[in-house]
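> Pasting a structure below so you can have a look.
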Amino acid sequence: MPADGRATLLLNFAGKSRMIAGNGTTHTIDIGAKLLGVHSQSYILEHEGDTDLIAAQFRPGGFAAFVRFAEVPHQSRIQHALAQIDRAQGNLSVQWLAAQANLSQKQFERLFERVVGMMPKRYIRLARFQKLVSWLRHCDRTVNWTNLAAKFGYYDHSHLAKDFQAFAGTTPGEFAAATAGIVEVAYGQADESQNV
């Protein structure tokens with residue numbers, strides 16, 4: 001699975017699973033509940049024997065509300081910034097977001113990390129990458145990666161390839177070939193009522 005900016009709660013009712021991160025780190029998922037925090041690198045889930053697994057993904061910043069943590073000061077400003085990042089498809093700066101939130105950049109970065117679980121610059125990169133992957137799922141033709149890089153705000157093809165390596169652990173071409181027909185599952189549009 002490519003990286004995304006959402007926390008995931010796994011409920012494992014049968015068998016063992018292993019989560020293998022893009023950097024080679026392995027975590028065992030035994031029977032029971034397991035919280036996977038936000039991740040900014042790809043991972044693979046391997047299952048041993050029978051599986052009976054439910055995964056719930058939370059909107060960025062949504063897990064804190066789920067467990068009823070005390071509200072972070074200015075949390076609404078961070079939620080607004082998340083909406084702006086989504087609308088801009090990750091093509092804006094941390095400085096601009098901080099100014100829009102009427103916070104210094106350091107205050108904004110600290111609050112953003114506390115609410116979302118990662119620094120805003122990395123989250124912005126990840127949001128742009130996710131929009132690109134979402135677009136790819138509707139693409140039924142050969143992709144010109146240089147044109148696509150420009151369309152999604154990358155400086156050039158090598159900049160796009162760097163994000164694919166960081167967030168999917170592979171090259172753009174390998175990712176497109178490997179996920180043909182299954183990107184819809186990983187990035188399907190769920191009803192708003194299904195997202196927290």
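By order of appearance in the structure tokens: chains A, B, ..., then residues from 1 within every chain, and ligands from 1 in the order shown.
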Give me the residues within 12 Å of region 80-96 of chain A as an mmCIF file with C-alpha atoms, in the first residue's frame, counting only C-alpha atoms and dropping any in the same chain fewer than 6 places off.

```
data_model
loop_
_atom_site.group_PDB
_atom_site.id
_atom_site.type_symbol
_atom_site.label_atom_id
_atom_site.label_comp_id
_atom_site.auth_asym_id
_atom_site.auth_seq_id
_atom_site.Cartn_x
_atom_site.Cartn_y
_atom_site.Cartn_z
ATOM 1 C CA GLY A 5 -1.761 10.665 5.911
ATOM 2 C CA ARG A 6 -4.388 8.741 7.808
ATOM 3 C CA ARG A 59 -9.428 11.419 8.107
ATOM 4 C CA PRO A 60 -6.216 13.329 8.783
ATOM 5 C CA GLY A 61 -6.519 14.617 12.346
ATOM 6 C CA GLY A 62 -9.681 12.522 12.901
ATOM 7 C CA HIS A 74 -6.486 26.182 17.334
ATOM 8 C CA ASN A 102 -2.872 33.581 11.645
ATOM 9 C CA LEU A 103 -0.052 31.663 13.322
ATOM 10 C CA SER A 104 3.704 31.858 13.071
ATOM 11 C CA GLN A 105 5.199 29.128 10.919
ATOM 12 C CA LYS A 106 6.740 27.401 13.969
ATOM 13 C CA GLN A 107 3.403 27.510 15.864
ATOM 14 C CA PHE A 108 1.579 26.185 12.816
ATOM 15 C CA GLU A 109 4.069 23.349 12.274
ATOM 16 C CA ARG A 110 3.938 22.316 15.939
ATOM 17 C CA LEU A 111 0.115 22.310 16.031
ATOM 18 C CA PHE A 112 -0.171 20.581 12.665
ATOM 19 C CA GLU A 113 2.116 17.767 13.774
ATOM 20 C CA VAL A 115 -3.197 17.163 15.280
ATOM 21 C CA VAL A 116 -2.226 15.265 12.109
ATOM 22 C CA MET A 119 4.902 17.793 9.702
ATOM 23 C CA PRO A 120 2.913 19.905 7.226
ATOM 24 C CA LYS A 121 5.553 19.951 4.483
ATOM 25 C CA ARG A 122 5.579 16.146 4.318
ATOM 26 C CA TYR A 123 1.779 16.018 4.480
ATOM 27 C CA ILE A 124 1.528 18.497 1.571
ATOM 28 C CA ARG A 125 3.848 16.297 -0.513
ATOM 29 C CA LEU A 126 1.779 13.274 0.413
ATOM 30 C CA ALA A 127 -1.495 15.019 -0.499
ATOM 31 C CA ARG A 128 -0.148 15.877 -3.961
ATOM 32 C CA PHE A 129 1.025 12.273 -4.402
ATOM 33 C CA GLN A 130 -2.401 10.934 -3.386
ATOM 34 C CA LYS A 131 -4.163 13.183 -5.904
ATOM 35 C CA LEU A 132 -1.847 11.873 -8.600
ATOM 36 C CA VAL A 133 -2.572 8.253 -7.631
ATOM 37 C CA SER A 134 -6.305 9.023 -7.582
ATOM 38 C CA TRP A 135 -6.030 10.455 -11.102
ATOM 39 C CA ALA A 150 3.701 19.315 -14.654
ATOM 40 C CA LYS A 151 -0.058 18.766 -14.257
ATOM 41 C CA PHE A 152 0.346 17.901 -10.564
ATOM 42 C CA GLY A 153 2.843 20.635 -9.687
ATOM 43 C CA TYR A 154 6.094 18.682 -9.727
ATOM 44 C CA TYR A 155 9.190 20.473 -11.006
#
```
> DSSP on the backbone: which residues in chain A end up as alpha helix (DSSP H)? Give the answer as an MDAnalysis selection string.
chainID A and resid 62:66 75:87 94:100 105:116 120:138 145:151 157:168 172:178 183:187
> Could you write out that same residue set with C-alpha atoms as an mmCIF file, in the first residue's frame?

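File produced: part12.cif:
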```cif
data_model
loop_
_atom_site.group_PDB
_atom_site.id
_atom_site.type_symbol
_atom_site.label_atom_id
_atom_site.label_comp_id
_atom_site.auth_asym_id
_atom_site.auth_seq_id
_atom_site.Cartn_x
_atom_site.Cartn_y
_atom_site.Cartn_z
ATOM 1 C CA GLY A 62 -9.681 12.522 12.901
ATOM 2 C CA PHE A 63 -8.298 9.893 15.239
ATOM 3 C CA ALA A 64 -7.883 12.344 18.116
ATOM 4 C CA ALA A 65 -11.622 13.103 17.979
ATOM 5 C CA PHE A 66 -12.391 9.367 17.909
ATOM 6 C CA GLN A 75 -7.452 22.689 16.136
ATOM 7 C CA SER A 76 -10.133 24.200 13.895
ATOM 8 C CA ARG A 77 -7.418 26.208 12.126
ATOM 9 C CA ILE A 78 -5.518 23.005 11.399
ATOM 10 C CA GLN A 79 -8.694 21.313 10.122
ATOM 11 C CA HIS A 80 -9.237 24.326 7.846
ATOM 12 C CA ALA A 81 -5.624 24.031 6.626
ATOM 13 C CA LEU A 82 -6.216 20.338 5.833
ATOM 14 C CA ALA A 83 -9.233 21.303 3.714
ATOM 15 C CA GLN A 84 -7.149 23.933 1.904
ATOM 16 C CA ILE A 85 -4.401 21.381 1.200
ATOM 17 C CA ASP A 86 -6.986 18.991 -0.217
ATOM 18 C CA ARG A 87 -8.577 21.670 -2.435
ATOM 19 C CA VAL A 94 3.550 25.909 4.680
ATOM 20 C CA GLN A 95 4.270 29.633 4.985
ATOM 21 C CA TRP A 96 1.003 30.495 3.217
ATOM 22 C CA LEU A 97 -1.000 28.052 5.374
ATOM 23 C CA ALA A 98 0.512 29.479 8.564
ATOM 24 C CA ALA A 99 -0.389 33.010 7.471
ATOM 25 C CA GLN A 100 -3.953 31.896 6.648
ATOM 26 C CA GLN A 105 5.199 29.128 10.919
ATOM 27 C CA LYS A 106 6.740 27.401 13.969
ATOM 28 C CA GLN A 107 3.403 27.510 15.864
ATOM 29 C CA PHE A 108 1.579 26.185 12.816
ATOM 30 C CA GLU A 109 4.069 23.349 12.274
ATOM 31 C CA ARG A 110 3.938 22.316 15.939
ATOM 32 C CA LEU A 111 0.115 22.310 16.031
ATOM 33 C CA PHE A 112 -0.171 20.581 12.665
ATOM 34 C CA GLU A 113 2.116 17.767 13.774
ATOM 35 C CA ARG A 114 0.180 17.390 17.021
ATOM 36 C CA VAL A 115 -3.197 17.163 15.280
ATOM 37 C CA VAL A 116 -2.226 15.265 12.109
ATOM 38 C CA PRO A 120 2.913 19.905 7.226
ATOM 39 C CA LYS A 121 5.553 19.951 4.483
ATOM 40 C CA ARG A 122 5.579 16.146 4.318
ATOM 41 C CA TYR A 123 1.779 16.018 4.480
ATOM 42 C CA ILE A 124 1.528 18.497 1.571
ATOM 43 C CA ARG A 125 3.848 16.297 -0.513
ATOM 44 C CA LEU A 126 1.779 13.274 0.413
ATOM 45 C CA ALA A 127 -1.495 15.019 -0.499
ATOM 46 C CA ARG A 128 -0.148 15.877 -3.961
ATOM 47 C CA PHE A 129 1.025 12.273 -4.402
ATOM 48 C CA GLN A 130 -2.401 10.934 -3.386
ATOM 49 C CA LYS A 131 -4.163 13.183 -5.904
ATOM 50 C CA LEU A 132 -1.847 11.873 -8.600
ATOM 51 C CA VAL A 133 -2.572 8.253 -7.631
ATOM 52 C CA SER A 134 -6.305 9.023 -7.582
ATOM 53 C CA TRP A 135 -6.030 10.455 -11.102
ATOM 54 C CA LEU A 136 -4.128 7.381 -12.272
ATOM 55 C CA ARG A 137 -6.989 5.099 -11.290
ATOM 56 C CA HIS A 138 -9.157 6.765 -13.954
ATOM 57 C CA TRP A 145 5.061 11.071 -16.911
ATOM 58 C CA THR A 146 6.696 14.403 -17.786
ATOM 59 C CA ASN A 147 3.329 15.978 -18.671
ATOM 60 C CA LEU A 148 1.751 14.401 -15.619
ATOM 61 C CA ALA A 149 4.504 15.807 -13.393
ATOM 62 C CA ALA A 150 3.701 19.315 -14.654
ATOM 63 C CA LYS A 151 -0.058 18.766 -14.257
ATOM 64 C CA HIS A 157 9.814 13.874 -13.849
ATOM 65 C CA SER A 158 12.659 13.172 -11.398
ATOM 66 C CA HIS A 159 10.807 15.132 -8.676
ATOM 67 C CA LEU A 160 7.705 12.997 -9.295
ATOM 68 C CA ALA A 161 9.818 9.813 -9.290
ATOM 69 C CA LYS A 162 11.353 10.829 -5.950
ATOM 70 C CA ASP A 163 7.900 11.050 -4.360
ATOM 71 C CA PHE A 164 6.907 7.670 -5.825
ATOM 72 C CA GLN A 165 10.022 6.132 -4.308
ATOM 73 C CA ALA A 166 9.362 7.809 -0.938
ATOM 74 C CA PHE A 167 5.636 7.092 -0.693
ATOM 75 C CA ALA A 168 5.142 3.918 -2.741
ATOM 76 C CA PRO A 172 6.008 5.481 -11.277
ATOM 77 C CA GLY A 173 5.939 2.941 -14.120
ATOM 78 C CA GLU A 174 6.301 -0.048 -11.786
ATOM 79 C CA PHE A 175 3.575 1.354 -9.532
ATOM 80 C CA ALA A 176 1.168 1.883 -12.448
ATOM 81 C CA ALA A 177 1.785 -1.657 -13.726
ATOM 82 C CA ALA A 178 1.541 -3.290 -10.297
ATOM 83 C CA VAL A 183 -5.858 1.277 -7.273
ATOM 84 C CA GLU A 184 -9.647 1.687 -7.047
ATOM 85 C CA VAL A 185 -9.666 -0.490 -3.932
ATOM 86 C CA ALA A 186 -6.892 1.434 -2.203
ATOM 87 C CA TYR A 187 -8.139 4.896 -3.122
#
```
> Please run DSSP on the backbone and report, as a list in words, all residues within region 18-100 of chain A that come out as strand (DSSP E).
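Taking region 18-100 of chain A and keeping strand (DSSP E) gives Arg18, Met19, Ile20, Ala21, Thr26, His27, Thr28, Ile29, Gly32, Ala33, Lys34, Leu35, Leu36, Tyr43, Ile44, Leu45, Glu46, His47, Glu48, Gly49, Asp50, Thr51, Asp52, Leu53, Ile54, Ala55, Ala56 and Gln57 of chain A.
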> If we count only C-alpha atoms and set the cut-off at 10 Å, which residues sit around His27 (chain A), ignoring sequence neighbours fewer than 6 positions away in its own chain? Please answer as a PyMOL selection string.
chain A and resi 17-21+45
> Quick one: distance from CA of Ile29 (chain A) to CA of Phe69 (chain A) in Å, one decimal?
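One can read the CA of Ile29 (chain A) to CA of Phe69 (chain A) distance as 24.8 Å.
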> Near Ala14 (chain A), counting only C-alpha atoms, which residues have an atom at most 9 Å away, once you skip same-chain residues fewer than 2 positions from it, shown as number ranges by chain?
A: 12, 16, 30-32, 49-53
> Work out how far apart CA of Gln57 (chain A) and CA of Thr171 (chain A) are and give it in Å to one decimal.
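Taking CA of Gln57 (chain A) as the start and CA of Thr171 (chain A) as the end point, the length is 25.5 Å.
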> Could you tell me how far CA of Gly117 (chain A) lies from CA of Ile54 (chain A), in Å and to one decimal?
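The value is 22.2 Å.
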> Got a sec: who's within 7 Å of Leu35 (chain A), counting only C-alpha atoms, leaving out chain neighbours fewer than 2 positions off, as a PDB file with N, CA and C atoms, in the first residue's frame?

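Saved result, part-v8.pdb, follows:
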```pdb
ATOM      1  N   THR A   8      -4.821   4.318  10.913  1.00  0.00           N
ATOM      2  CA  THR A   8      -5.650   3.154  10.610  1.00  0.00           C
ATOM      3  C   THR A   8      -5.776   2.297  11.860  1.00  0.00           C
ATOM      4  N   LEU A   9      -6.996   1.894  12.176  1.00  0.00           N
ATOM      5  CA  LEU A   9      -7.257   0.965  13.267  1.00  0.00           C
ATOM      6  C   LEU A   9      -7.560  -0.386  12.652  1.00  0.00           C
ATOM      7  N   LEU A  10      -6.737  -1.393  12.969  1.00  0.00           N
ATOM      8  CA  LEU A  10      -6.940  -2.751  12.458  1.00  0.00           C
ATOM      9  C   LEU A  10      -7.533  -3.621  13.542  1.00  0.00           C
ATOM     10  N   ALA A  33      -6.772  -5.747  18.437  1.00  0.00           N
ATOM     11  CA  ALA A  33      -6.765  -4.425  17.807  1.00  0.00           C
ATOM     12  C   ALA A  33      -5.343  -3.890  17.719  1.00  0.00           C
ATOM     13  N   GLY A  37      -0.421   4.317  13.219  1.00  0.00           N
ATOM     14  CA  GLY A  37      -0.459   5.771  13.117  1.00  0.00           C
ATOM     15  C   GLY A  37      -0.282   6.209  11.678  1.00  0.00           C
TER      16      GLY A  37
END
```
